[in-house]
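Trainee: For reference, the file final_19.pdb (PDB, C-alpha atoms) is included below:
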```pdb
ATOM      1  CA  MET A   1     130.295 115.581  50.219
ATOM      2  CA  THR A   2     129.171 111.966  50.582
ATOM      3  CA  THR A   3     125.840 111.445  52.326
ATOM      4  CA  ALA A   4     124.815 107.906  53.232
ATOM      5  CA  LEU A   5     121.133 106.974  53.076
ATOM      6  CA  ILE A   6     120.661 104.054  55.438
ATOM      7  CA  THR A   7     117.415 102.119  55.387
ATOM      8  CA  HIS A   8     116.070  98.569  55.118
ATOM      9  CA  PRO A   9     112.940  96.885  53.699
ATOM     10  CA  ASP A  10     112.360  95.353  57.159
ATOM     11  CA  CYS A  11     111.286  98.823  58.334
ATOM     12  CA  LEU A  12     108.210  98.395  56.104
ATOM     13  CA  ASN A  13     107.257  95.213  57.983
ATOM     14  CA  HIS A  14     106.399  97.130  61.159
ATOM     15  CA  VAL A  15     102.665  97.375  60.495
ATOM     16  CA  THR A  16     100.369  99.438  62.705
ATOM     17  CA  PRO A  17      96.566  99.177  63.012
ATOM     18  CA  GLU A  18      94.329 100.787  60.383
ATOM     19  CA  GLY A  19      94.188 104.562  60.837
ATOM     20  CA  HIS A  20      97.375 104.759  62.925
ATOM     21  CA  PRO A  21      99.433 107.837  61.981
ATOM     22  CA  GLU A  22     102.819 106.057  62.225
ATOM     23  CA  ARG A  23     102.224 103.871  59.188
ATOM     24  CA  VAL A  24     104.193 102.052  56.497
ATOM     25  CA  ALA A  25     103.217 104.719  53.934
ATOM     26  CA  ARG A  26     105.410 107.276  55.763
ATOM     27  CA  LEU A  27     108.625 105.492  54.837
ATOM     28  CA  GLN A  28     107.349 104.658  51.362
ATOM     29  CA  ALA A  29     106.678 108.367  50.743
ATOM     30  CA  ILE A  30     110.171 109.325  51.905
ATOM     31  CA  LEU A  31     111.935 106.678  49.833
ATOM     32  CA  ALA A  32     109.936 107.725  46.767
ATOM     33  CA  ALA A  33     110.937 111.371  47.337
ATOM     34  CA  LEU A  34     114.616 110.399  47.594
ATOM     35  CA  LYS A  35     114.571 108.491  44.281
ATOM     36  CA  GLY A  36     114.841 111.578  42.061
ATOM     37  CA  GLU A  37     117.876 112.422  39.946
ATOM     38  CA  GLN A  38     119.028 115.049  42.424
ATOM     39  CA  PHE A  39     119.556 112.230  44.947
ATOM     40  CA  ASP A  40     121.619 109.988  42.637
ATOM     41  CA  ALA A  41     124.784 110.803  44.597
ATOM     42  CA  LEU A  42     123.431 109.336  47.846
ATOM     43  CA  LYS A  43     125.408 106.335  49.076
ATOM     44  CA  ARG A  44     122.575 103.849  49.634
ATOM     45  CA  VAL A  45     123.272 101.331  52.385
ATOM     46  CA  GLU A  46     121.185  98.615  54.016
ATOM     47  CA  ALA A  47     120.827  98.955  57.771
ATOM     48  CA  PRO A  48     122.232  96.012  59.723
ATOM     49  CA  LEU A  49     120.460  94.516  62.721
ATOM     50  CA  ALA A  50     121.616  96.041  65.989
ATOM     51  CA  ASP A  51     122.657  93.333  68.420
ATOM     52  CA  LYS A  52     121.598  93.058  72.023
ATOM     53  CA  ALA A  53     124.898  94.489  73.300
ATOM     54  CA  GLN A  54     124.378  97.643  71.233
ATOM     55  CA  ILE A  55     120.756  98.067  72.384
ATOM     56  CA  THR A  56     121.679  97.495  76.033
ATOM     57  CA  ARG A  57     124.092 100.407  76.025
ATOM     58  CA  ALA A  58     120.863 102.417  76.351
ATOM     59  CA  HIS A  59     118.252  99.997  77.727
ATOM     60  CA  PRO A  60     118.329  97.237  80.381
ATOM     61  CA  SER A  61     118.607  93.634  79.201
ATOM     62  CA  ASP A  62     115.234  92.669  80.668
ATOM     63  CA  TYR A  63     113.553  95.477  78.735
ATOM     64  CA  PHE A  64     115.110  94.219  75.488
ATOM     65  CA  GLU A  65     113.763  90.738  76.230
ATOM     66  CA  ARG A  66     110.343  92.107  77.164
ATOM     67  CA  VAL A  67     109.985  93.978  73.872
ATOM     68  CA  LYS A  68     111.159  90.900  71.965
ATOM     69  CA  ALA A  69     108.601  88.711  73.764
ATOM     70  CA  SER A  70     105.809  91.224  73.087
ATOM     71  CA  GLU A  71     105.852  90.698  69.324
ATOM     72  CA  PRO A  72     102.722  88.830  68.228
ATOM     73  CA  ALA A  73     102.688  85.977  65.699
ATOM     74  CA  SER A  74      99.831  87.750  63.932
ATOM     75  CA  GLY A  75      97.643  90.814  64.399
ATOM     76  CA  TRP A  76      98.812  93.455  66.868
ATOM     77  CA  ALA A  77     100.090  93.679  70.407
ATOM     78  CA  ALA A  78      99.337  97.026  72.053
ATOM     79  CA  LEU A  79     102.173  98.075  74.362
ATOM     80  CA  ASP A  80     100.179 101.173  75.291
ATOM     81  CA  GLY A  81      97.353 103.155  73.705
ATOM     82  CA  ASP A  82      99.636 104.512  70.974
ATOM     83  CA  THR A  83     102.372 101.924  70.582
ATOM     84  CA  HIS A  84     101.770  98.679  68.730
ATOM     85  CA  MET A  85     103.812  95.746  67.491
ATOM     86  CA  SER A  86     103.066  93.454  64.565
ATOM     87  CA  ASN A  87     104.990  90.408  63.446
ATOM     88  CA  GLY A  88     108.105  92.100  62.040
ATOM     89  CA  SER A  89     108.165  95.066  64.418
ATOM     90  CA  PHE A  90     111.035  93.796  66.553
ATOM     91  CA  GLN A  91     113.236  93.226  63.500
ATOM     92  CA  ALA A  92     112.308  96.700  62.197
ATOM     93  CA  ALA A  93     113.293  98.259  65.534
ATOM     94  CA  LEU A  94     116.641  96.431  65.429
ATOM     95  CA  ARG A  95     117.212  97.804  61.904
ATOM     96  CA  ALA A  96     116.344 101.337  63.075
ATOM     97  CA  ALA A  97     118.917 101.110  65.866
ATOM     98  CA  GLY A  98     121.361  99.296  63.585
ATOM     99  CA  ALA A  99     121.087 102.094  61.026
ATOM    100  CA  ASN A 100     122.386 104.511  63.644
ATOM    101  CA  VAL A 101     125.260 102.205  64.555
ATOM    102  CA  LYS A 102     126.157 101.802  60.865
ATOM    103  CA  ALA A 103     125.885 105.571  60.281
ATOM    104  CA  VAL A 104     128.318 106.242  63.124
ATOM    105  CA  ASP A 105     130.749 103.632  61.780
ATOM    106  CA  MET A 106     130.609 105.095  58.267
ATOM    107  CA  VAL A 107     131.087 108.684  59.416
ATOM    108  CA  MET A 108     133.900 107.758  61.800
ATOM    109  CA  SER A 109     135.732 105.767  59.101
ATOM    110  CA  GLY A 110     135.284 108.420  56.422
ATOM    111  CA  ASP A 111     133.075 106.174  54.255
ATOM    112  CA  ALA A 112     130.537 108.998  54.440
ATOM    113  CA  ASP A 113     130.704 112.617  55.546
ATOM    114  CA  ASN A 114     127.233 112.425  57.067
ATOM    115  CA  ALA A 115     124.221 110.125  57.028
ATOM    116  CA  PHE A 116     120.432 110.051  57.074
ATOM    117  CA  CYS A 117     118.714 107.020  58.578
ATOM    118  CA  ALA A 118     115.328 106.544  56.865
ATOM    119  CA  VAL A 119     113.905 104.086  59.358
ATOM    120  CA  ARG A 120     110.877 103.275  61.486
ATOM    121  CA  PRO A 121     109.679 102.739  64.156
ATOM    122  CA  PRO A 122     110.905 106.095  65.499
ATOM    123  CA  GLY A 123     112.791 106.190  68.784
ATOM    124  CA  HIS A 124     112.810 109.428  70.734
ATOM    125  CA  HIS A 125     109.874 108.592  73.061
ATOM    126  CA  ALA A 126     111.319 105.230  74.205
ATOM    127  CA  GLU A 127     112.426 105.669  77.817
ATOM    128  CA  THR A 128     114.952 103.509  79.674
ATOM    129  CA  ALA A 129     112.485 100.679  80.291
ATOM    130  CA  THR A 130     109.232 101.958  78.743
ATOM    131  CA  SER A 131     108.073 101.863  75.140
ATOM    132  CA  MET A 132     105.716 104.699  74.270
ATOM    133  CA  GLY A 133     104.720 107.213  71.612
ATOM    134  CA  PHE A 134     105.160 104.734  68.718
ATOM    135  CA  CYS A 135     108.755 104.028  69.872
ATOM    136  CA  LEU A 136     110.434 100.809  71.058
ATOM    137  CA  PHE A 137     114.159 101.603  71.346
ATOM    138  CA  GLY A 138     116.008 104.929  71.585
ATOM    139  CA  SER A 139     117.769 104.488  68.248
ATOM    140  CA  VAL A 140     119.571 107.843  68.220
ATOM    141  CA  VAL A 141     120.873 107.397  71.767
ATOM    142  CA  ILE A 142     122.026 103.888  70.828
ATOM    143  CA  GLY A 143     124.017 105.511  67.997
ATOM    144  CA  ALA A 144     125.380 108.162  70.350
ATOM    145  CA  LYS A 145     126.444 105.584  72.930
ATOM    146  CA  HIS A 146     128.106 103.552  70.149
ATOM    147  CA  ALA A 147     130.111 106.633  69.157
ATOM    148  CA  LEU A 148     131.182 107.147  72.758
ATOM    149  CA  GLU A 149     131.838 103.592  73.857
ATOM    150  CA  HIS A 150     132.934 101.830  70.651
ATOM    151  CA  HIS A 151     134.724 104.688  68.910
ATOM    152  CA  GLY A 152     136.057 106.343  72.060
ATOM    153  CA  LEU A 153     134.574 109.798  71.598
ATOM    154  CA  SER A 154     134.186 111.804  74.786
ATOM    155  CA  ARG A 155     131.368 114.234  73.875
ATOM    156  CA  VAL A 156     128.440 114.077  71.455
ATOM    157  CA  ALA A 157     125.237 116.061  70.999
ATOM    158  CA  ILE A 158     121.665 115.227  69.988
ATOM    159  CA  ILE A 159     119.468 118.005  68.588
ATOM    160  CA  ASP A 160     115.755 117.222  68.228
ATOM    161  CA  PHE A 161     113.374 119.463  66.264
ATOM    162  CA  ASP A 162     110.425 117.040  66.243
ATOM    163  CA  VAL A 163     107.209 118.780  67.311
ATOM    164  CA  HIS A 164     106.878 116.377  70.266
ATOM    165  CA  HIS A 165     109.401 116.461  73.093
ATOM    166  CA  GLY A 166     111.876 113.577  73.019
ATOM    167  CA  ASN A 167     111.137 112.418  76.551
ATOM    168  CA  GLY A 168     112.827 109.091  75.867
ATOM    169  CA  THR A 169     116.059 110.652  74.671
ATOM    170  CA  GLN A 170     115.995 112.981  77.685
ATOM    171  CA  ASP A 171     115.476 110.043  80.044
ATOM    172  CA  LEU A 172     118.295 108.027  78.449
ATOM    173  CA  VAL A 173     120.857 110.857  78.595
ATOM    174  CA  TRP A 174     119.765 112.630  81.804
ATOM    175  CA  ASN A 175     122.752 111.431  83.843
ATOM    176  CA  ASP A 176     125.294 111.202  81.005
ATOM    177  CA  ASP A 177     127.186 114.477  80.841
ATOM    178  CA  ARG A 178     128.998 113.314  77.698
ATOM    179  CA  ILE A 179     125.753 113.846  75.767
ATOM    180  CA  PHE A 180     124.178 117.253  75.234
ATOM    181  CA  PHE A 181     120.482 117.054  74.331
ATOM    182  CA  GLY A 182     118.811 120.138  72.891
ATOM    183  CA  SER A 183     115.145 120.118  71.914
ATOM    184  CA  THR A 184     112.609 122.483  70.367
ATOM    185  CA  HIS A 185     109.013 121.258  70.589
ATOM    186  CA  GLN A 186     105.437 122.446  70.947
ATOM    187  CA  MET A 187     104.125 122.798  74.479
ATOM    188  CA  PRO A 188     101.531 121.970  75.688
ATOM    189  CA  LEU A 189     101.475 118.741  73.674
ATOM    190  CA  TYR A 190     102.150 115.021  74.054
ATOM    191  CA  PRO A 191     104.030 113.687  76.015
ATOM    192  CA  GLY A 192     103.826 116.604  78.469
ATOM    193  CA  SER A 193     107.538 116.767  79.295
ATOM    194  CA  GLY A 194     110.141 119.196  78.011
ATOM    195  CA  ALA A 195     109.685 122.254  80.219
ATOM    196  CA  ALA A 196     112.557 124.741  80.245
ATOM    197  CA  HIS A 197     113.419 123.825  83.853
ATOM    198  CA  GLU A 198     114.246 120.217  82.842
ATOM    199  CA  THR A 199     117.996 120.587  82.403
ATOM    200  CA  GLY A 200     119.493 117.149  83.029
ATOM    201  CA  GLY A 201     121.682 115.781  85.791
ATOM    202  CA  SER A 202     124.548 118.119  84.941
ATOM    203  CA  GLY A 203     122.938 120.844  82.847
ATOM    204  CA  ASN A 204     123.391 118.683  79.741
ATOM    205  CA  VAL A 205     119.737 119.023  78.645
ATOM    206  CA  MET A 206     118.196 122.149  77.093
ATOM    207  CA  ASN A 207     114.479 122.348  76.335
ATOM    208  CA  ILE A 208     112.974 125.237  74.367
ATOM    209  CA  PRO A 209     109.169 124.841  74.414
ATOM    210  CA  LEU A 210     107.337 126.639  71.603
ATOM    211  CA  ALA A 211     103.764 127.905  71.872
ATOM    212  CA  PRO A 212     101.066 126.493  69.579
ATOM    213  CA  ASN A 213     101.006 128.275  66.193
ATOM    214  CA  ALA A 214     104.656 129.348  66.453
ATOM    215  CA  ASP A 215     106.332 129.601  63.054
ATOM    216  CA  GLY A 216     109.811 129.224  61.634
ATOM    217  CA  GLN A 217     110.985 132.454  63.214
ATOM    218  CA  ALA A 218     110.425 130.894  66.639
ATOM    219  CA  LEU A 219     112.640 127.978  65.572
ATOM    220  CA  LYS A 220     115.340 130.384  64.398
ATOM    221  CA  ASP A 221     115.187 132.348  67.642
ATOM    222  CA  ALA A 222     115.425 129.147  69.711
ATOM    223  CA  PHE A 223     118.429 127.947  67.725
ATOM    224  CA  GLU A 224     120.300 131.237  67.542
ATOM    225  CA  LYS A 225     119.732 132.360  71.137
ATOM    226  CA  SER A 226     119.878 129.039  72.974
ATOM    227  CA  ILE A 227     120.435 125.714  71.188
ATOM    228  CA  LEU A 228     123.411 126.660  69.014
ATOM    229  CA  PRO A 229     125.343 128.553  71.736
ATOM    230  CA  ALA A 230     124.895 125.567  74.073
ATOM    231  CA  LEU A 231     125.964 123.193  71.310
ATOM    232  CA  TYR A 232     129.136 125.191  70.617
ATOM    233  CA  HIS A 233     129.836 125.314  74.364
ATOM    234  CA  HIS A 234     129.583 121.500  74.621
ATOM    235  CA  LYS A 235     132.037 121.007  71.710
ATOM    236  CA  PRO A 236     130.693 117.636  70.542
ATOM    237  CA  GLN A 237     132.845 115.311  68.453
ATOM    238  CA  MET A 238     129.740 114.142  66.587
ATOM    239  CA  ILE A 239     126.275 115.663  66.187
ATOM    240  CA  PHE A 240     123.071 113.628  65.932
ATOM    241  CA  ILE A 241     119.759 114.974  64.690
ATOM    242  CA  SER A 242     116.375 113.589  65.702
ATOM    243  CA  ALA A 243     114.696 114.745  62.512
ATOM    244  CA  GLY A 244     110.969 114.875  63.093
ATOM    245  CA  PHE A 245     109.029 116.807  60.469
ATOM    246  CA  ASP A 246     105.701 117.037  62.323
ATOM    247  CA  ALA A 247     106.200 120.720  63.188
ATOM    248  CA  HIS A 248     105.171 121.334  59.554
ATOM    249  CA  HIS A 249     102.038 123.474  59.208
ATOM    250  CA  ALA A 250     100.253 120.633  57.358
ATOM    251  CA  ASP A 251     100.851 118.015  60.042
ATOM    252  CA  PRO A 252      97.673 116.653  61.660
ATOM    253  CA  LEU A 253      99.134 115.847  65.099
ATOM    254  CA  ALA A 254     100.285 119.296  66.231
ATOM    255  CA  ASN A 255      99.988 123.044  65.757
ATOM    256  CA  LEU A 256     103.337 124.522  64.740
ATOM    257  CA  ASN A 257     103.687 126.309  61.421
ATOM    258  CA  PHE A 258     107.104 125.380  60.045
ATOM    259  CA  ASN A 259     107.725 124.717  56.350
ATOM    260  CA  GLU A 260     110.384 122.892  54.339
ATOM    261  CA  ASP A 261     112.634 125.954  54.255
ATOM    262  CA  ASP A 262     112.658 126.087  58.061
ATOM    263  CA  PHE A 263     113.820 122.465  58.291
ATOM    264  CA  ALA A 264     116.476 123.160  55.644
ATOM    265  CA  TRP A 265     117.645 126.206  57.636
ATOM    266  CA  ALA A 266     117.934 124.191  60.871
ATOM    267  CA  THR A 267     119.796 121.430  59.032
ATOM    268  CA  ARG A 268     122.242 123.945  57.581
ATOM    269  CA  GLN A 269     122.950 125.430  61.033
ATOM    270  CA  LEU A 270     123.713 121.992  62.436
ATOM    271  CA  LYS A 271     125.809 121.046  59.434
ATOM    272  CA  THR A 272     127.823 124.249  59.838
ATOM    273  CA  ALA A 273     128.291 123.505  63.533
ATOM    274  CA  ALA A 274     129.469 119.985  62.708
ATOM    275  CA  LYS A 275     131.959 121.382  60.195
ATOM    276  CA  LYS A 276     133.364 123.821  62.759
ATOM    277  CA  LEU A 277     133.312 121.504  65.767
ATOM    278  CA  CYS A 278     133.742 117.916  64.627
ATOM    279  CA  GLN A 279     135.042 117.520  61.083
ATOM    280  CA  GLY A 280     131.506 117.550  59.706
ATOM    281  CA  ARG A 281     130.487 114.380  61.562
ATOM    282  CA  LEU A 282     126.697 114.383  61.465
ATOM    283  CA  VAL A 283     124.114 111.585  61.713
ATOM    284  CA  SER A 284     120.412 112.319  61.231
ATOM    285  CA  THR A 285     117.503 109.955  61.874
ATOM    286  CA  LEU A 286     113.834 110.139  60.996
ATOM    287  CA  GLU A 287     111.471 110.604  63.917
ATOM    288  CA  GLY A 288     107.923 111.988  63.350
ATOM    289  CA  GLY A 289     105.991 113.569  60.478
ATOM    290  CA  TYR A 290     102.499 112.369  59.599
ATOM    291  CA  ASP A 291     101.227 114.308  56.583
ATOM    292  CA  LEU A 292     102.728 112.265  53.753
ATOM    293  CA  ASP A 293     103.280 115.111  51.288
ATOM    294  CA  ALA A 294     104.736 117.449  53.907
ATOM    295  CA  LEU A 295     106.895 114.628  55.287
ATOM    296  CA  ALA A 296     108.281 113.702  51.862
ATOM    297  CA  ALA A 297     108.995 117.326  50.904
ATOM    298  CA  SER A 298     110.557 118.184  54.276
ATOM    299  CA  THR A 299     112.761 115.092  54.289
ATOM    300  CA  ALA A 300     113.907 115.840  50.742
ATOM    301  CA  ALA A 301     114.801 119.412  51.777
ATOM    302  CA  HIS A 302     116.703 118.074  54.804
ATOM    303  CA  VAL A 303     118.676 115.499  52.817
ATOM    304  CA  LYS A 304     119.476 118.032  50.056
ATOM    305  CA  VAL A 305     121.212 120.200  52.649
ATOM    306  CA  LEU A 306     123.132 117.193  54.008
ATOM    307  CA  MET A 307     124.385 116.570  50.448
ATOM    308  CA  GLU A 308     125.521 120.161  49.825
ATOM    309  CA  HIS A 309     129.270 120.771  49.495
TER     310      HIS A 309
END
```
Show me, as C-alpha cells, the structure contained in the file I just sent.
Mentor:
Amino acid sequence: MTTALITHPDCLNHVTPEGHPERVARLQAILAALKGEQFDALKRVEAPLADKAQITRAHPSDYFERVKASEPASGWAALDGDTHMSNGSFQAALRAAGANVKAVDMVMSGDADNAFCAVRPPGHHAETATSMGFCLFGSVVIGAKHALEHHGLSRVAIIDFDVHHGNGTQDLVWNDDRIFFGSTHQMPLYPGSGAAHETGGSGNVMNIPLAPNADGQALKDAFEKSILPALYHHKPQMIFISAGFDAHHADPLANLNFNEDDFAWATRQLKTAAKKLCQGRLVSTLEGGYDLDALAASTAAHVKVLMEH
C-alpha cells in the first residue's frame, strides 16, 4: 500500500497574526509527527501550484483575482474577522489546492494507492465567492472537480469529520449531483450551517449535527446509520476526506470528545469503502485541529491507517 504525503514549504509562509489558532506551528507539528521510522514508507511529494484554470473549476475568476489582489506586501490583510493573509498566503493556498490536484493524479495513475495532503490554509469554509473561517479556496472540491473534469470520473464523494461544518464545501457542491458531501460536526457551533434539513440541490448533501460533548460513539453511530449507507448508495469512483482533527477532546475551539482511536476508526471505514467501491482511491486533506499535541497524534493515527495493507 503506497501512501503519498503531499506538502510544500510554502504552506509555512502563510503567517497569521499572533495568537491566531490557524498558525504555522500546526503544520510543523504534523510534519514532525510524520518523520518517525514508522512513516519511512510514505512517498513524499512536493505540492505543485494549482493554476487558475484548476481553481476556477470551483470559484469564479473574479474571486480568484480578488484573493490574489488581497495579499499584502507586509503585515496582514484581514479578509474577515477570522481570515487573514500575509505575504506568502496566496502561494500557500495555491499549493494547498495543487496538493489535491497532484493527489488525484497520483491515485488515478497508480503512483499511489491513496494520499494525505498536509497543507494549509485549510479550505472547507471557503464558499463560491467568499473567503471565511481561515479558508481561501475550497481545496478538496478543487481536487474533486479535477477528478471529474480532467480524469473523466462521473461520481465522487467528500466526507468531512472536522468539528466545524464545511459550509464552503456544501456551497460549492450544492448543485453538483456528481458529488456526495457527507459531514459530521458539532452544532451549535461556527459557522452555524449544517442542519440535517440541508440536503443539497438533489439530495447529494448529508449533514449529521452532533451535540456538544458527544463522543466517539456518536461519530460511529452517524457513520454506520447514515454517512456510510449514503456513501455506498452514491457509489463514488473516488473518495475525498476533509480531515479536521478539532473534534478531539483536547481541542480549544469546540466541545466534542473524540480521540485518536475514533479518527483511526473513521479513516478505516472510509478506506474500506474505497476498497469496495473505487479500487481504494482515497485522497485526504488536512482541515482543522488546533491543539498541537492532539493534532499531531490524530494526524499520525489517520496516516497510519492510510498506510495499512
Trainee: Just so the selection is clear, what residues does the PyMOL selection byres ((chain A and resi 273) around 12) cover here, as a PDB file with C-alpha atoms, keeping the file's coordinate frame?
Mentor:
```pdb
ATOM      1  CA  ALA A 157     125.237 116.061  70.999  1.00  0.00           C
ATOM      2  CA  ILE A 159     119.468 118.005  68.588  1.00  0.00           C
ATOM      3  CA  PHE A 223     118.429 127.947  67.725  1.00  0.00           C
ATOM      4  CA  GLU A 224     120.300 131.237  67.542  1.00  0.00           C
ATOM      5  CA  ILE A 227     120.435 125.714  71.188  1.00  0.00           C
ATOM      6  CA  LEU A 228     123.411 126.660  69.014  1.00  0.00           C
ATOM      7  CA  PRO A 229     125.343 128.553  71.736  1.00  0.00           C
ATOM      8  CA  ALA A 230     124.895 125.567  74.073  1.00  0.00           C
ATOM      9  CA  LEU A 231     125.964 123.193  71.310  1.00  0.00           C
ATOM     10  CA  TYR A 232     129.136 125.191  70.617  1.00  0.00           C
ATOM     11  CA  HIS A 233     129.836 125.314  74.364  1.00  0.00           C
ATOM     12  CA  HIS A 234     129.583 121.500  74.621  1.00  0.00           C
ATOM     13  CA  LYS A 235     132.037 121.007  71.710  1.00  0.00           C
ATOM     14  CA  PRO A 236     130.693 117.636  70.542  1.00  0.00           C
ATOM     15  CA  GLN A 237     132.845 115.311  68.453  1.00  0.00           C
ATOM     16  CA  MET A 238     129.740 114.142  66.587  1.00  0.00           C
ATOM     17  CA  ILE A 239     126.275 115.663  66.187  1.00  0.00           C
ATOM     18  CA  PHE A 240     123.071 113.628  65.932  1.00  0.00           C
ATOM     19  CA  ALA A 266     117.934 124.191  60.871  1.00  0.00           C
ATOM     20  CA  THR A 267     119.796 121.430  59.032  1.00  0.00           C
ATOM     21  CA  ARG A 268     122.242 123.945  57.581  1.00  0.00           C
ATOM     22  CA  GLN A 269     122.950 125.430  61.033  1.00  0.00           C
ATOM     23  CA  LEU A 270     123.713 121.992  62.436  1.00  0.00           C
ATOM     24  CA  LYS A 271     125.809 121.046  59.434  1.00  0.00           C
ATOM     25  CA  THR A 272     127.823 124.249  59.838  1.00  0.00           C
ATOM     26  CA  ALA A 274     129.469 119.985  62.708  1.00  0.00           C
ATOM     27  CA  LYS A 275     131.959 121.382  60.195  1.00  0.00           C
ATOM     28  CA  LYS A 276     133.364 123.821  62.759  1.00  0.00           C
ATOM     29  CA  LEU A 277     133.312 121.504  65.767  1.00  0.00           C
ATOM     30  CA  CYS A 278     133.742 117.916  64.627  1.00  0.00           C
ATOM     31  CA  GLN A 279     135.042 117.520  61.083  1.00  0.00           C
ATOM     32  CA  GLY A 280     131.506 117.550  59.706  1.00  0.00           C
ATOM     33  CA  ARG A 281     130.487 114.380  61.562  1.00  0.00           C
ATOM     34  CA  LEU A 282     126.697 114.383  61.465  1.00  0.00           C
TER      35      LEU A 282
END
```
Trainee: Could you list, as a PDB file with C-alpha atoms, in the frame of the given file, every residue within 8 Å of region 111-124 of chain A, counting all atoms listed in the file and ignoring same-chain residues fewer than 5 positions away?
Mentor:
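Result file is around.pdb:
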```pdb
ATOM      1  CA  MET A   1     130.295 115.581  50.219  1.00  0.00           C
ATOM      2  CA  THR A   2     129.171 111.966  50.582  1.00  0.00           C
ATOM      3  CA  THR A   3     125.840 111.445  52.326  1.00  0.00           C
ATOM      4  CA  ALA A   4     124.815 107.906  53.232  1.00  0.00           C
ATOM      5  CA  LEU A   5     121.133 106.974  53.076  1.00  0.00           C
ATOM      6  CA  ILE A   6     120.661 104.054  55.438  1.00  0.00           C
ATOM      7  CA  THR A   7     117.415 102.119  55.387  1.00  0.00           C
ATOM      8  CA  HIS A   8     116.070  98.569  55.118  1.00  0.00           C
ATOM      9  CA  CYS A  11     111.286  98.823  58.334  1.00  0.00           C
ATOM     10  CA  LEU A  12     108.210  98.395  56.104  1.00  0.00           C
ATOM     11  CA  HIS A  14     106.399  97.130  61.159  1.00  0.00           C
ATOM     12  CA  GLU A  22     102.819 106.057  62.225  1.00  0.00           C
ATOM     13  CA  LEU A  27     108.625 105.492  54.837  1.00  0.00           C
ATOM     14  CA  ILE A  30     110.171 109.325  51.905  1.00  0.00           C
ATOM     15  CA  LEU A  31     111.935 106.678  49.833  1.00  0.00           C
ATOM     16  CA  LYS A  43     125.408 106.335  49.076  1.00  0.00           C
ATOM     17  CA  SER A  89     108.165  95.066  64.418  1.00  0.00           C
ATOM     18  CA  ALA A  92     112.308  96.700  62.197  1.00  0.00           C
ATOM     19  CA  ALA A  93     113.293  98.259  65.534  1.00  0.00           C
ATOM     20  CA  ARG A  95     117.212  97.804  61.904  1.00  0.00           C
ATOM     21  CA  ALA A  96     116.344 101.337  63.075  1.00  0.00           C
ATOM     22  CA  ALA A  99     121.087 102.094  61.026  1.00  0.00           C
ATOM     23  CA  ASN A 100     122.386 104.511  63.644  1.00  0.00           C
ATOM     24  CA  ALA A 103     125.885 105.571  60.281  1.00  0.00           C
ATOM     25  CA  MET A 106     130.609 105.095  58.267  1.00  0.00           C
ATOM     26  CA  PHE A 134     105.160 104.734  68.718  1.00  0.00           C
ATOM     27  CA  CYS A 135     108.755 104.028  69.872  1.00  0.00           C
ATOM     28  CA  LEU A 136     110.434 100.809  71.058  1.00  0.00           C
ATOM     29  CA  PHE A 137     114.159 101.603  71.346  1.00  0.00           C
ATOM     30  CA  GLY A 138     116.008 104.929  71.585  1.00  0.00           C
ATOM     31  CA  SER A 139     117.769 104.488  68.248  1.00  0.00           C
ATOM     32  CA  VAL A 140     119.571 107.843  68.220  1.00  0.00           C
ATOM     33  CA  GLY A 166     111.876 113.577  73.019  1.00  0.00           C
ATOM     34  CA  ASN A 167     111.137 112.418  76.551  1.00  0.00           C
ATOM     35  CA  GLY A 168     112.827 109.091  75.867  1.00  0.00           C
ATOM     36  CA  THR A 169     116.059 110.652  74.671  1.00  0.00           C
ATOM     37  CA  SER A 242     116.375 113.589  65.702  1.00  0.00           C
ATOM     38  CA  GLY A 280     131.506 117.550  59.706  1.00  0.00           C
ATOM     39  CA  ARG A 281     130.487 114.380  61.562  1.00  0.00           C
ATOM     40  CA  LEU A 282     126.697 114.383  61.465  1.00  0.00           C
ATOM     41  CA  VAL A 283     124.114 111.585  61.713  1.00  0.00           C
ATOM     42  CA  SER A 284     120.412 112.319  61.231  1.00  0.00           C
ATOM     43  CA  THR A 285     117.503 109.955  61.874  1.00  0.00           C
ATOM     44  CA  LEU A 286     113.834 110.139  60.996  1.00  0.00           C
ATOM     45  CA  GLU A 287     111.471 110.604  63.917  1.00  0.00           C
ATOM     46  CA  GLY A 288     107.923 111.988  63.350  1.00  0.00           C
ATOM     47  CA  VAL A 303     118.676 115.499  52.817  1.00  0.00           C
ATOM     48  CA  LEU A 306     123.132 117.193  54.008  1.00  0.00           C
TER      49      LEU A 306
END
```
Trainee: Would you please work out which residue, of A:Val104, A:Ala73, A:Ala300, A:Ile55, is nearest to Leu172 (chain A) when using only C-alpha atoms?
Mentor: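 Result for the nearest residue to Leu172 (chain A): A:Ile55.
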Trainee: Can you spell out as a tab-separated table (two decimals) with C-alpha atoms, in the frame of the given file the set of residues that the PyMOL selection byres ((chain A and resi 57) around 10) selects in the structure I just provided?
Mentor:
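The result, written out as selection-v6.tsv:
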```
chain	number	residue	atom	x	y	z
A	52	LYS	CA	121.60	93.06	72.02
A	53	ALA	CA	124.90	94.49	73.30
A	54	GLN	CA	124.38	97.64	71.23
A	55	ILE	CA	120.76	98.07	72.38
A	56	THR	CA	121.68	97.50	76.03
A	58	ALA	CA	120.86	102.42	76.35
A	59	HIS	CA	118.25	100.00	77.73
A	60	PRO	CA	118.33	97.24	80.38
A	61	SER	CA	118.61	93.63	79.20
A	141	VAL	CA	120.87	107.40	71.77
A	142	ILE	CA	122.03	103.89	70.83
A	143	GLY	CA	124.02	105.51	68.00
A	144	ALA	CA	125.38	108.16	70.35
A	145	LYS	CA	126.44	105.58	72.93
A	146	HIS	CA	128.11	103.55	70.15
A	149	GLU	CA	131.84	103.59	73.86
A	172	LEU	CA	118.30	108.03	78.45
```
Trainee: Quick one: distance from CA of Ala222 (chain A) to CA of His302 (chain A) in Å, one decimal?
Mentor: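 Interatomic distance here is 18.6 Å.
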Trainee: Between CA of Arg66 (chain A) and CA of Phe90 (chain A), what is the distance in Å, rounded to a tenth?
Mentor: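 Interatomic distance here is 10.8 Å.
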Trainee: What does the structure give for the distance between CA of Gln91 (chain A) and CA of Leu79 (chain A), in Å to one decimal?
Mentor: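 One can read the CA of Gln91 (chain A) to CA of Leu79 (chain A) distance as 16.2 Å.
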Trainee: Check which residues satisfy the PyMOL selection byres ((chain A and resi 180-183) around 7) in the file shown, then give them as an MDAnalysis selection string.
Mentor: chainID A and resid 156:161 165 170 177:179 184:185 204:208 227 234
Trainee: Could you name the residues that touch Asn87 (chain A) at 7 Å or less, counting all atoms listed in the file, but leaving out those on the same chain fewer than 6 positions away, as a VMD selection string?
Mentor: chain A and resid 71 to 74
